[in-house]
>>> print(open('upload21.txt').read())   # compact mmCIF, C-alpha atoms
# COMPACT_ATOMS: atom_id res chain seq x y z
CA MET R 1 137.23 70.36 243.36
CA SER R 2 138.01 71.76 239.96
CA LYS R 3 137.56 75.40 239.07
CA SER R 4 134.76 74.79 236.59
CA ARG R 5 132.64 72.87 239.03
CA GLU R 6 133.00 75.67 241.56
CA PHE R 7 131.92 78.10 238.89
CA PHE R 8 128.75 76.20 238.19
CA ARG R 9 127.94 75.91 241.88
CA LYS R 10 127.70 79.67 242.34
CA GLN R 11 124.21 80.92 242.95
CA GLY R 12 124.42 83.72 240.39
CA VAL R 13 125.57 81.37 237.65
CA ARG R 14 122.83 78.92 238.42
CA ASP R 15 120.23 81.66 238.29
CA ALA R 16 121.61 82.83 234.96
CA PHE R 17 121.25 79.33 233.54
CA ARG R 18 117.75 79.07 234.90
CA VAL R 19 116.82 82.23 233.01
CA LEU R 20 118.70 81.26 229.84
CA ALA R 21 116.84 77.98 229.65
CA TRP R 22 113.65 79.92 228.98
CA VAL R 23 115.07 81.78 225.98
CA PRO R 24 114.50 78.97 223.44
CA VAL R 25 110.97 78.57 224.74
CA GLY R 26 110.33 82.25 224.15
CA ILE R 27 111.79 82.09 220.65
CA PHE R 28 109.60 79.10 219.87
CA PHE R 29 106.57 81.04 221.06
CA THR R 30 107.29 84.08 218.90
CA ARG R 31 108.06 81.95 215.86
CA HIS R 32 105.26 79.43 216.00
CA VAL R 33 102.49 80.71 218.25
CA TYR R 34 102.04 84.50 218.39
CA SER R 35 104.20 87.52 217.73
CA LEU R 36 103.91 91.27 217.17
CA ALA R 37 104.69 93.24 214.04
CA THR R 38 104.22 96.68 212.57
CA VAL R 39 102.58 97.26 209.21
CA THR R 40 104.06 99.88 206.94
CA GLY R 41 102.80 100.98 203.57
CA GLY R 42 99.33 101.32 202.19
CA SER R 43 98.57 98.21 200.21
CA MET R 44 95.97 97.02 202.74
CA GLN R 45 94.65 100.51 203.18
CA PRO R 46 91.13 100.42 204.58
CA THR R 47 92.22 97.63 206.94
CA PHE R 48 95.66 98.88 208.03
CA ASN R 49 97.04 102.43 207.98
CA PRO R 50 93.79 103.97 206.64
CA ASN R 51 95.03 107.57 206.83
CA LEU R 52 98.57 107.04 205.64
CA SER R 53 98.53 110.20 203.51
CA SER R 54 97.84 112.48 206.48
CA SER R 55 100.28 110.73 208.86
CA PRO R 56 102.91 108.93 206.77
CA LEU R 57 105.04 107.93 209.74
CA HIS R 58 102.28 106.07 211.49
CA HIS R 59 102.53 102.30 211.62
CA ASP R 60 99.85 99.94 212.84
CA VAL R 61 100.91 97.35 215.41
CA VAL R 62 99.30 93.98 214.81
CA LEU R 63 99.26 90.54 216.40
CA LEU R 64 100.42 87.72 214.13
CA GLU R 65 98.78 84.37 214.71
CA ARG R 66 101.42 81.88 213.67
CA TRP R 67 100.04 78.59 214.87
CA SER R 68 97.32 78.53 212.24
CA VAL R 69 99.95 78.64 209.51
CA ALA R 70 102.15 76.15 211.36
CA LEU R 71 99.15 73.80 211.24
CA ASN R 72 98.62 74.63 207.53
CA ARG R 73 95.24 76.23 208.08
CA PHE R 74 94.48 78.66 205.25
CA ARG R 75 91.08 80.20 204.57
CA ARG R 76 89.81 82.51 201.89
CA GLY R 77 89.44 86.02 203.27
CA ASP R 78 92.21 85.76 205.85
CA VAL R 79 94.75 88.56 206.05
CA VAL R 80 98.20 86.96 206.04
CA THR R 81 101.86 87.95 205.98
CA LEU R 82 104.00 86.40 203.28
CA TRP R 83 107.48 86.71 201.81
CA SER R 84 107.32 88.66 198.61
CA PRO R 85 107.96 86.22 195.75
CA GLN R 86 110.11 88.82 194.03
CA ASN R 87 112.17 89.88 197.04
CA PRO R 88 112.98 87.20 199.63
CA GLU R 89 113.82 89.79 202.29
CA LEU R 90 110.50 91.63 202.15
CA LEU R 91 107.56 90.54 204.28
CA THR R 92 104.25 91.80 202.91
CA THR R 93 100.65 91.75 204.08
CA LYS R 94 97.89 90.62 201.75
CA ARG R 95 94.48 88.98 201.82
CA ILE R 96 93.96 85.43 200.57
CA VAL R 97 91.31 85.62 197.87
CA ALA R 98 91.35 82.13 196.38
CA LEU R 99 92.80 78.74 197.21
CA GLU R 100 93.76 75.84 195.00
CA GLY R 101 91.28 74.85 192.32
CA ASP R 102 89.41 78.16 192.38
CA LEU R 103 88.84 80.18 189.25
CA VAL R 104 89.83 83.85 189.57
CA GLN R 105 89.16 86.73 187.23
CA PRO R 106 92.34 88.80 187.57
CA LEU R 107 92.55 92.58 187.68
CA PRO R 108 94.27 94.85 185.11
CA PRO R 109 98.04 94.31 185.37
CA SER R 110 97.53 90.73 184.23
CA PRO R 111 95.73 89.51 181.11
CA PRO R 112 91.95 89.30 181.61
CA THR R 113 91.63 85.54 181.22
CA PRO R 114 90.40 83.52 184.22
CA VAL R 115 93.17 81.84 186.19
CA ARG R 116 92.84 78.38 187.72
CA ILE R 117 94.85 78.24 190.96
CA PRO R 118 97.31 75.30 190.83
CA PRO R 119 97.61 72.83 193.74
CA GLY R 120 99.37 74.21 196.82
CA HIS R 121 99.01 77.79 195.64
CA CYS R 122 96.73 80.70 196.49
CA TRP R 123 95.77 84.09 195.08
CA VAL R 124 96.54 87.08 197.31
CA GLU R 125 95.45 90.68 196.87
CA GLY R 126 95.82 93.93 198.75
CA ASP R 127 92.68 95.69 199.92
CA SER R 128 93.67 99.06 198.53
CA LYS R 129 91.62 100.56 195.70
CA PHE R 130 94.82 101.49 193.93
CA GLN R 131 97.08 98.98 192.28
CA THR R 132 99.18 97.01 194.73
CA ARG R 133 101.90 94.53 194.01
CA ASP R 134 99.98 91.32 194.54
CA SER R 135 98.94 88.20 192.66
CA ASN R 136 97.66 90.39 189.84
CA THR R 137 101.31 91.26 189.22
CA TYR R 138 103.11 88.04 190.07
CA GLY R 139 100.47 85.37 189.68
CA PRO R 140 99.40 82.68 192.16
CA ILE R 141 101.89 82.13 194.96
CA PRO R 142 102.83 78.92 196.82
CA LEU R 143 101.30 78.55 200.28
CA GLY R 144 104.80 77.92 201.66
CA LEU R 145 105.53 81.65 201.39
CA ILE R 146 102.89 82.49 203.97
CA THR R 147 104.35 82.99 207.44
CA SER R 148 101.42 84.02 209.63
CA ARG R 149 97.85 85.22 209.82
CA VAL R 150 97.16 88.77 210.99
CA SER R 151 94.52 88.37 213.65
CA TYR R 152 94.32 91.54 215.75
CA VAL R 153 95.09 95.24 215.43
CA LEU R 154 96.68 96.32 218.71
CA TRP R 155 98.00 99.79 218.46
CA PRO R 156 95.89 102.64 217.25
CA TRP R 157 93.72 102.24 220.31
CA THR R 158 90.66 103.61 218.55
CA ARG R 159 90.81 100.98 215.82
CA ARG R 160 91.82 98.01 217.97
CA GLY R 161 89.97 94.79 217.29
CA LEU R 162 89.91 91.60 215.33
CA VAL R 163 90.97 91.78 211.72
CA GLU R 164 87.86 90.71 209.95
CA SER R 165 87.99 88.08 207.29
CA GLY R 166 86.34 89.47 204.20
CA GLN R 167 86.32 89.48 200.47
CA GLY R 168 88.34 92.64 199.95
CA LYS R 169 87.79 93.77 196.41
CA SER R 170 87.33 90.25 195.07
CA LYS R 171 83.55 90.20 195.18
CA GLY R 172 82.13 88.24 192.27
CA ARG R 173 85.52 87.48 190.78
CA VAL R 174 86.20 84.13 192.42
CA ARG R 175 84.46 80.88 191.67
CA ARG R 176 85.15 78.52 194.53
CA LEU R 177 85.90 74.87 194.17
CA GLY R 178 84.63 73.96 197.63
CA ASP R 179 83.66 75.96 200.64
CA THR R 180 85.85 74.19 203.17
CA HIS R 181 89.32 75.03 204.42
CA ARG R 182 92.28 73.42 202.91
CA PHE R 183 94.40 71.19 205.20
CA GLY R 184 93.00 70.45 208.61
CA MET N 1 117.50 35.03 251.18
CA THR N 2 115.77 37.37 248.80
CA THR N 3 114.28 35.87 245.73
CA PRO N 4 114.55 37.84 242.51
CA PHE N 5 110.84 38.47 242.61
CA ALA N 6 110.98 39.92 246.11
CA ARG N 7 113.84 42.16 245.08
CA PHE N 8 111.85 43.32 242.10
CA GLN N 9 108.83 43.95 244.28
CA ARG N 10 110.85 45.97 246.75
CA THR N 11 112.37 48.21 244.09
CA PHE N 12 109.00 48.55 242.46
CA LEU N 13 107.36 49.62 245.67
CA ARG N 14 110.18 52.02 246.45
CA TYR N 15 109.79 53.73 243.11
CA ARG N 16 108.30 57.18 243.23
CA PRO N 17 107.42 59.02 240.05
CA PRO N 18 109.52 62.13 239.43
CA PRO N 19 107.90 65.41 240.46
CA LEU N 20 105.57 66.29 237.64
CA LEU N 21 105.91 70.05 237.20
CA PRO N 22 109.72 70.41 237.15
CA THR N 23 109.99 67.46 234.77
CA THR N 24 107.50 68.97 232.38
CA ILE N 25 109.24 72.33 232.47
CA ARG N 26 112.65 70.75 231.81
CA THR N 27 111.23 68.71 228.95
CA ILE N 28 109.69 71.77 227.34
CA GLN N 29 112.95 73.68 227.69
CA ILE N 30 115.00 70.86 226.19
CA LEU N 31 112.60 70.36 223.28
CA ALA N 32 112.55 74.09 222.53
CA THR N 33 116.35 74.19 222.57
CA LEU N 34 116.57 71.25 220.18
CA HIS N 35 113.99 72.86 217.93
CA LEU N 36 115.92 76.13 217.92
CA ILE N 37 119.14 74.32 217.01
CA SER N 38 117.50 72.37 214.22
CA THR N 39 115.80 75.41 212.71
CA THR N 40 118.74 77.82 212.91
CA LEU N 41 121.99 75.84 212.96
CA VAL N 42 122.05 72.31 211.60
CA GLU N 43 119.60 69.50 211.20
CA LEU N 44 119.73 65.84 210.22
CA ARG N 45 117.08 64.91 207.72
CA ILE N 46 116.13 61.80 205.84
CA CYS N 47 115.79 62.34 202.13
CA THR N 48 113.83 59.72 200.18
CA GLY N 49 112.76 59.47 196.59
CA PHE N 50 114.20 58.83 193.18
CA SER N 51 114.64 62.44 192.14
CA MET N 52 118.23 62.92 193.38
CA LEU N 53 119.37 59.45 192.44
CA PRO N 54 123.06 59.55 191.60
CA THR N 55 123.70 61.87 194.54
CA LEU N 56 121.28 60.52 197.16
CA SER N 57 119.75 57.07 197.10
CA GLN N 58 116.04 56.41 196.98
CA HIS N 59 116.02 54.41 200.22
CA GLY N 60 116.36 57.46 202.41
CA ASP N 61 119.76 58.94 203.00
CA CYS N 62 120.46 60.85 206.18
CA VAL N 63 121.76 64.27 205.19
CA LEU N 64 123.06 67.29 207.07
CA VAL N 65 120.97 70.38 206.31
CA SER N 66 121.80 73.88 207.46
CA PRO N 67 119.81 77.09 206.94
CA LEU N 68 122.83 79.23 207.88
CA PRO N 69 124.09 79.83 204.31
CA TYR N 70 120.78 81.44 203.31
CA TRP N 71 118.99 82.59 206.44
CA SER N 72 120.42 85.00 208.95
CA PRO N 73 120.26 83.20 212.31
CA PHE N 74 118.74 85.94 214.46
CA SER N 75 116.36 88.01 212.41
CA GLU N 76 114.38 85.17 210.77
CA ARG N 77 115.06 86.68 207.39
CA HIS N 78 116.68 85.55 204.19
CA SER N 79 120.18 86.95 203.95
CA LYS N 80 121.45 88.92 200.98
CA LYS N 81 123.27 86.10 199.27
CA GLY N 82 120.84 83.61 197.86
CA PRO N 83 121.41 80.08 196.58
CA LYS N 84 124.10 79.62 193.96
CA ARG N 85 123.94 77.41 190.88
CA GLY N 86 124.72 73.83 191.79
CA ASP N 87 123.76 73.97 195.47
CA VAL N 88 121.71 71.05 196.72
CA ILE N 89 118.94 72.59 198.77
CA VAL N 90 115.88 71.69 200.81
CA ALA N 91 112.77 73.73 200.02
CA THR N 92 109.10 73.74 200.91
CA SER N 93 107.23 71.99 198.13
CA PRO N 94 105.25 74.45 196.00
CA MET N 95 102.67 71.74 195.43
CA ASP N 96 102.03 71.07 199.11
CA PRO N 97 103.24 73.30 201.97
CA ARG N 98 103.42 70.34 204.34
CA GLN N 99 106.16 68.61 202.39
CA THR N 100 109.72 69.53 201.59
CA VAL N 101 111.70 68.69 198.50
CA CYS N 102 115.40 68.19 198.01
CA LYS N 103 116.66 69.45 194.65
CA ARG N 104 119.61 71.09 192.96
CA VAL N 105 119.61 74.77 192.02
CA ILE N 106 120.20 74.97 188.28
CA GLY N 107 119.41 78.60 187.59
CA VAL N 108 119.27 81.83 189.58
CA GLU N 109 117.43 85.00 188.66
CA GLY N 110 117.99 86.22 185.12
CA ASP N 111 119.22 82.89 183.74
CA MET N 112 117.77 81.37 180.60
CA ILE N 113 116.88 77.75 181.27
CA GLU N 114 115.95 75.04 178.83
CA ILE N 115 112.85 73.48 180.34
CA GLU N 116 113.08 69.98 179.00
CA PRO N 117 116.56 68.91 177.98
CA ARG N 118 115.35 65.34 177.41
CA ARG N 119 113.90 65.15 173.95
CA GLY N 120 112.79 62.11 172.08
CA GLY N 121 115.52 59.60 171.68
CA GLN N 122 118.27 61.78 170.31
CA ARG N 123 121.48 63.11 171.70
CA LYS N 124 121.39 66.87 171.86
CA TRP N 125 124.51 68.97 172.19
CA VAL N 126 124.02 71.84 174.53
CA ASP N 127 126.51 74.31 173.16
CA ALA N 128 127.99 74.78 169.75
CA ILE N 129 131.50 73.91 170.87
CA GLY N 130 130.29 70.50 171.89
CA LYS N 131 132.09 70.36 175.20
CA ASP N 132 129.18 68.99 177.16
CA TYR N 133 125.90 67.33 176.36
CA MET N 134 122.68 66.24 178.01
CA VAL N 135 122.06 62.54 178.52
CA ASP N 136 119.94 60.96 175.85
CA VAL N 137 116.64 59.41 176.92
CA PRO N 138 114.36 57.24 174.80
CA SER N 139 111.21 59.09 173.85
CA SER N 140 108.15 58.30 175.93
CA SER N 141 104.65 59.58 176.43
CA GLU N 142 105.49 61.40 179.64
CA SER N 143 107.64 63.96 177.89
CA SER N 144 104.59 66.02 177.01
CA PHE N 145 104.83 69.14 179.08
CA GLU N 146 101.81 70.64 180.73
CA PHE N 147 101.77 74.39 180.43
CA GLU N 148 98.92 74.93 182.85
CA GLU N 149 101.12 73.69 185.66
CA LEU N 150 103.62 76.50 185.21
CA SER N 151 102.88 78.99 187.93
CA SER N 152 102.85 82.70 187.11
CA ARG N 153 102.71 84.11 183.65
CA LEU N 154 105.85 82.59 182.24
CA VAL N 155 105.59 82.01 178.54
CA PRO N 156 108.31 79.61 177.44
CA ARG N 157 110.16 80.88 174.43
CA ARG N 158 110.90 78.47 171.65
CA ASN N 159 114.42 78.46 170.42
CA GLY N 160 115.05 75.68 167.96
CA GLU N 161 113.70 72.52 169.49
CA GLY N 162 113.89 73.49 173.13
CA GLN N 163 111.59 75.60 175.26
CA TRP N 164 113.46 78.24 177.16
CA VAL N 165 112.37 80.15 180.22
CA LYS N 166 113.88 83.16 181.96
CA VAL N 167 114.05 82.77 185.73
CA PRO N 168 112.24 85.83 187.20
CA LYS N 169 113.54 88.11 189.93
CA GLY N 170 113.80 86.50 193.35
CA HIS N 171 113.30 82.97 192.06
CA VAL N 172 115.48 79.92 191.47
CA TRP N 173 115.11 76.99 189.09
CA LEU N 174 115.20 73.64 190.90
CA VAL N 175 115.80 70.35 189.15
CA GLY N 176 116.45 66.89 190.56
CA ASP N 177 119.65 65.14 189.55
CA ASN N 178 117.62 62.26 188.14
CA MET N 179 116.08 64.31 185.38
CA SER N 180 113.98 61.48 183.98
CA ASN N 181 112.13 60.81 187.24
CA SER N 182 111.75 64.04 189.14
CA THR N 183 108.92 66.44 189.91
CA ASP N 184 110.63 69.80 189.89
CA SER N 185 110.62 73.26 188.35
CA ARG N 186 109.84 71.71 184.98
CA LYS N 187 106.42 70.95 186.48
CA TYR N 188 105.76 73.75 188.95
CA GLY N 189 107.87 76.54 187.54
CA PRO N 190 110.51 78.70 189.24
CA VAL N 191 110.45 78.66 193.03
CA PRO N 192 110.68 81.85 195.17
CA ILE N 193 113.91 82.07 197.15
CA ALA N 194 112.01 82.41 200.43
CA MET N 195 110.83 78.82 199.96
CA VAL N 196 114.43 77.59 200.14
CA LYS N 197 114.84 76.45 203.72
CA GLY N 198 118.41 75.19 203.85
CA LYS N 199 121.44 73.88 202.10
CA VAL N 200 122.36 70.20 202.09
CA LEU N 201 125.95 70.12 203.29
CA ALA N 202 126.78 66.44 203.50
CA ARG N 203 125.47 62.94 203.43
CA VAL N 204 125.77 61.45 206.88
CA TYR N 205 124.60 57.91 206.95
CA PRO N 206 125.56 55.61 204.11
CA SER N 207 129.18 56.44 203.28
CA PRO N 208 129.63 59.93 204.78
CA ARG N 209 130.69 62.50 202.20
CA TRP N 210 130.52 66.25 201.68
CA LEU N 211 128.22 67.18 198.83
CA GLU N 212 130.10 69.60 196.65
CA ASN N 213 128.95 71.85 193.91
CA ASN N 214 129.50 69.77 190.78
CA VAL N 215 128.24 72.23 188.20
CA ARG N 216 130.95 73.20 185.75
CA HIS N 217 131.17 76.36 183.73
CA ILE N 218 131.51 75.34 180.12
CA GLY N 219 131.95 78.75 178.60
CA GLY N 220 129.53 80.61 176.41
CA ALA N 221 128.03 83.99 175.96
CA GLU N 222 128.71 85.34 179.43
>>> encode(input="upload21.txt", output="structure tokens")
Amino acid sequence: MSKSREFFRKQGVRDAFRVLAWVPVGIFFTRHVYSLATVTGGSMQPTFNPNLSSSPLHHDVVLLERWSVALNRFRRGDVVTLWSPQNPELLTTKRIVALEGDLVQPLPPSPPTPVRIPPGHCWVEGDSKFQTRDSNTYGPIPLGLITSRVSYVLWPWTRRGLVESGQGKSKGRVRRLGDTHRFG
Amino acid sequence: MTTPFARFQRTFLRYRPPPLLPTTIRTIQILATLHLISTTLVELRICTGFSMLPTLSQHGDCVLVSPLPYWSPFSERHSKKGPKRGDVIVATSPMDPRQTVCKRVIGVEGDMIEIEPRRGGQRKWVDAIGKDYMVDVPSSSESSFEFEELSSRLVPRRNGEGQWVKVPKGHVWLVGDNMSNSTDSRKYGPVPIAMVKGKVLARVYPSPRWLENNVRHIGGAE
């Protein structure tokens, strides 16, 4: 028999292939189902990294729920990760405040006229009391920039638990078009 | 002495279904591998619609799309070099995240773009030298531009007859080749680079051909 066939008959080689065949499955899982990430920075401050000033090197470890975005399921109040519209290499964490059709009263960096969210867009804001770089700076963003929903805080063991969906600082500033989810 | 029916019956009775669990596992592995290849290396896509008409036909051309020029294959991140002017790209539609659009990149960040080069019924020279011009289109009612649709706070500047817009940082300006029948950046504004999913390399099915960058530099201020 030829050399190559002998090579593929070896037990070690066969085991290696059996393991390698699972690699794409694992990659699919981390890209479309669940994956882990660390949160740096203080733009979501009461929710993530609440005492960043006292321990600046601390990063929260969170669980990203990717299937909900893969199925285009977006809700107001969800904490999501998204590519920064200004820097395509930067992944940021924000809270969805309004979906398409809603009327939002923006905060200072933008002019104080109500904004109607265009179709396929949403309004995201950080939770922090201080100014963050969010939709108040760059306007409504397309939903296609959102990569995952942050569903669980894993690491600081004392603060572990579900990331609650809430209004952030948007209370009374959003007039909703409808109360349902968009898409599915 | 066996009739065809008897032979059929015998093979039918001898048939055993394949073992369920290993088959399922193999299928999952193969599907995941194909998915990985199509999302990181190359992918065949069917592109329909009138918006890219001289380049791609409206009946659905099969094109070769690759994310490799823009996305780094391992880290799931956009690489440093973004789309260039003239690239035909596939992007998530800003109007609907479930759909993708196929357009040409006309401007990258910092460029000044004329929003609506088609103006009522007259031929308009683009530069003073008169080397190149935009195609003239008869005036119609649809040329009224809706400002509310422009995402973000981009105020078009008026310069003569045209409305000009500066492409903001991290965005590109996408326009279909068929300018008179295309829903593109003129409607939804500049598109963030992270929405650009891949570059269209070639047309595969009717008359295979590489799609090259056909934007010419005609001189000017820069």
>>> axis_aligned_box(input="upload21.txt", around="region 9-24 of chain R", padding_each_side="3 Å", output="JSON")
{"center_x": 120.8, "center_y": 79.8, "center_z": 233.2, "size_x": 20.3, "size_y": 13.8, "size_z": 25.5}
>>> residues_around(input="upload21.txt", residues="region 72-79 of chain R", least_positions_apart="6", cutoff="9 Å", atoms="only C-alpha atoms", output="number ranges by chain")
R: 93-99, 122, 143, 148-151, 163-168, 180-184; N: 97-98
>>> write_last_selection(input="upload21.txt", atoms="C-alpha atoms", output="compact mmCIF listing (two decimals), keeping the file's coordinate frame")
# COMPACT_ATOMS: atom_id res chain seq x y z
CA THR R 93 100.65 91.75 204.08
CA LYS R 94 97.89 90.62 201.75
CA ARG R 95 94.48 88.98 201.82
CA ILE R 96 93.96 85.43 200.57
CA VAL R 97 91.31 85.62 197.87
CA ALA R 98 91.35 82.13 196.38
CA LEU R 99 92.80 78.74 197.21
CA CYS R 122 96.73 80.70 196.49
CA LEU R 143 101.30 78.55 200.28
CA SER R 148 101.42 84.02 209.63
CA ARG R 149 97.85 85.22 209.82
CA VAL R 150 97.16 88.77 210.99
CA SER R 151 94.52 88.37 213.65
CA VAL R 163 90.97 91.78 211.72
CA GLU R 164 87.86 90.71 209.95
CA SER R 165 87.99 88.08 207.29
CA GLY R 166 86.34 89.47 204.20
CA GLN R 167 86.32 89.48 200.47
CA GLY R 168 88.34 92.64 199.95
CA THR R 180 85.85 74.19 203.17
CA HIS R 181 89.32 75.03 204.42
CA ARG R 182 92.28 73.42 202.91
CA PHE R 183 94.40 71.19 205.20
CA GLY R 184 93.00 70.45 208.61
CA PRO N 97 103.24 73.30 201.97
CA ARG N 98 103.42 70.34 204.34
>>> atom_distance(input="upload21.txt", atom1="CA of Arg203 (chain N)", atom2="CA of Leu64 (chain N)")
6.2 Å
>>> residues_around(input="upload21.txt", residues="region 182-197 of chain N", least_positions_apart="6", cutoff="6 Å", atoms="only C-alpha atoms", output="PyMOL selection string")
(chain R and resi 85+88) or (chain N and resi 51+67+90-92+115+149-151+170-176)
>>> residues_around(input="upload21.txt", residues="Ser43 (chain R)", least_positions_apart="5", cutoff="7 Å", atoms="all atoms listed in the file", output="NGL selection string")
:R and (126-128 or 132)
>>> closest_atom_pairs(input="upload21.txt", of="chain R", to="chain N", cutoff="8 Å", atoms="only C-alpha atoms", output="JSON lines")
{"residue": "R:Ala21", "atom": "CA", "partner": "N:Gln29", "partner_atom": "CA", "distance": 6.1}
{"residue": "R:Trp22", "atom": "CA", "partner": "N:Gln29", "partner_atom": "CA", "distance": 6.4}
{"residue": "R:Pro24", "atom": "CA", "partner": "N:Thr33", "partner_atom": "CA", "distance": 5.2}
{"residue": "R:Val25", "atom": "CA", "partner": "N:Ala32", "partner_atom": "CA", "distance": 5.2}
{"residue": "R:Ile27", "atom": "CA", "partner": "N:Leu36", "partner_atom": "CA", "distance": 7.7}
{"residue": "R:Phe28", "atom": "CA", "partner": "N:Ala32", "partner_atom": "CA", "distance": 6.4}
{"residue": "R:Asn72", "atom": "CA", "partner": "N:Arg98", "partner_atom": "CA", "distance": 7.2}
{"residue": "R:Trp83", "atom": "CA", "partner": "N:Ala194", "partner_atom": "CA", "distance": 6.4}
{"residue": "R:Pro85", "atom": "CA", "partner": "N:Pro192", "partner_atom": "CA", "distance": 5.2}
{"residue": "R:Gln86", "atom": "CA", "partner": "N:Gly170", "partner_atom": "CA", "distance": 4.4}
{"residue": "R:Asn87", "atom": "CA", "partner": "N:Gly170", "partner_atom": "CA", "distance": 5.3}
{"residue": "R:Pro88", "atom": "CA", "partner": "N:Ala194", "partner_atom": "CA", "distance": 5.0}
{"residue": "R:Glu89", "atom": "CA", "partner": "N:His78", "partner_atom": "CA", "distance": 5.5}
{"residue": "R:Pro118", "atom": "CA", "partner": "N:Glu149", "partner_atom": "CA", "distance": 6.6}
{"residue": "R:Pro119", "atom": "CA", "partner": "N:Met95", "partner_atom": "CA", "distance": 5.4}
{"residue": "R:Gly120", "atom": "CA", "partner": "N:Met95", "partner_atom": "CA", "distance": 4.4}
{"residue": "R:His121", "atom": "CA", "partner": "N:Met95", "partner_atom": "CA", "distance": 7.1}
{"residue": "R:Tyr138", "atom": "CA", "partner": "N:Ser152", "partner_atom": "CA", "distance": 6.1}
{"residue": "R:Gly139", "atom": "CA", "partner": "N:Ser152", "partner_atom": "CA", "distance": 4.4}
{"residue": "R:Pro140", "atom": "CA", "partner": "N:Ser152", "partner_atom": "CA", "distance": 6.1}
{"residue": "R:Ile141", "atom": "CA", "partner": "N:Ser151", "partner_atom": "CA", "distance": 7.8}
{"residue": "R:Pro142", "atom": "CA", "partner": "N:Pro94", "partner_atom": "CA", "distance": 5.1}
{"residue": "R:Leu143", "atom": "CA", "partner": "N:Pro97", "partner_atom": "CA", "distance": 5.8}
{"residue": "R:Gly144", "atom": "CA", "partner": "N:Pro97", "partner_atom": "CA", "distance": 4.9}
{"residue": "R:Leu145", "atom": "CA", "partner": "N:Met195", "partner_atom": "CA", "distance": 6.2}
>>> closest_residue(input="upload21.txt", among="R:Thr47, R:Gly172, R:Asp60, R:Val115", to="Lys129 (chain R)", atoms="all atoms listed in the file")
R:Thr47
>>> atom_distance(input="upload21.txt", atom1="CA of Glu125 (chain R)", atom2="CA of Gln45 (chain R)")
11.7 Å
>>> atom_distance(input="upload21.txt", atom1="CA of Met52 (chain N)", atom2="CA of Val108 (chain N)")
19.3 Å
>>> closest_residue(input="upload21.txt", among="R:Gln11, R:Thr147, R:Thr113, R:Ser4", to="Ser68 (chain R)", atoms="only C-alpha atoms")
R:Thr147
>>> build_atoms(input="upload21.txt", residues="region 91-103 of chain R", atoms="N, CA and C atoms", output="short mmCIF file (atom, residue, chain, number, x, y, z; two decimals), in the coordinates of the input")
data_model
loop_
_atom_site.label_atom_id
_atom_site.label_comp_id
_atom_site.auth_asym_id
_atom_site.auth_seq_id
_atom_site.Cartn_x
_atom_site.Cartn_y
_atom_site.Cartn_z
N LEU R 91 108.76 91.18 203.79
CA LEU R 91 107.56 90.54 204.28
C LEU R 91 106.38 91.46 203.98
N THR R 92 105.38 90.95 203.30
CA THR R 92 104.25 91.80 202.91
C THR R 92 102.96 91.27 203.52
N THR R 93 101.95 92.11 203.54
CA THR R 93 100.65 91.75 204.08
C THR R 93 99.62 91.78 202.96
N LYS R 94 98.91 90.69 202.80
CA LYS R 94 97.89 90.62 201.75
C LYS R 94 96.70 89.81 202.27
N ARG R 95 95.65 89.77 201.46
CA ARG R 95 94.48 88.98 201.82
C ARG R 95 94.37 87.80 200.87
N ILE R 96 94.15 86.60 201.43
CA ILE R 96 93.96 85.43 200.57
C ILE R 96 92.59 85.54 199.91
N VAL R 97 92.56 85.46 198.60
CA VAL R 97 91.31 85.62 197.87
C VAL R 97 90.82 84.26 197.36
N ALA R 98 91.76 83.42 196.91
CA ALA R 98 91.35 82.13 196.38
C ALA R 98 92.38 81.08 196.75
N LEU R 99 91.90 79.86 196.93
CA LEU R 99 92.80 78.74 197.21
C LEU R 99 92.83 77.81 196.00
N GLU R 100 93.52 76.68 196.17
CA GLU R 100 93.76 75.84 195.00
C GLU R 100 92.46 75.36 194.37
N GLY R 101 92.45 75.31 193.04
CA GLY R 101 91.28 74.85 192.32
C GLY R 101 90.28 75.93 191.99
N ASP R 102 90.36 77.09 192.66
CA ASP R 102 89.41 78.16 192.38
C ASP R 102 89.71 78.81 191.03
N LEU R 103 88.69 79.46 190.51
CA LEU R 103 88.84 80.18 189.25
C LEU R 103 88.74 81.67 189.55
#
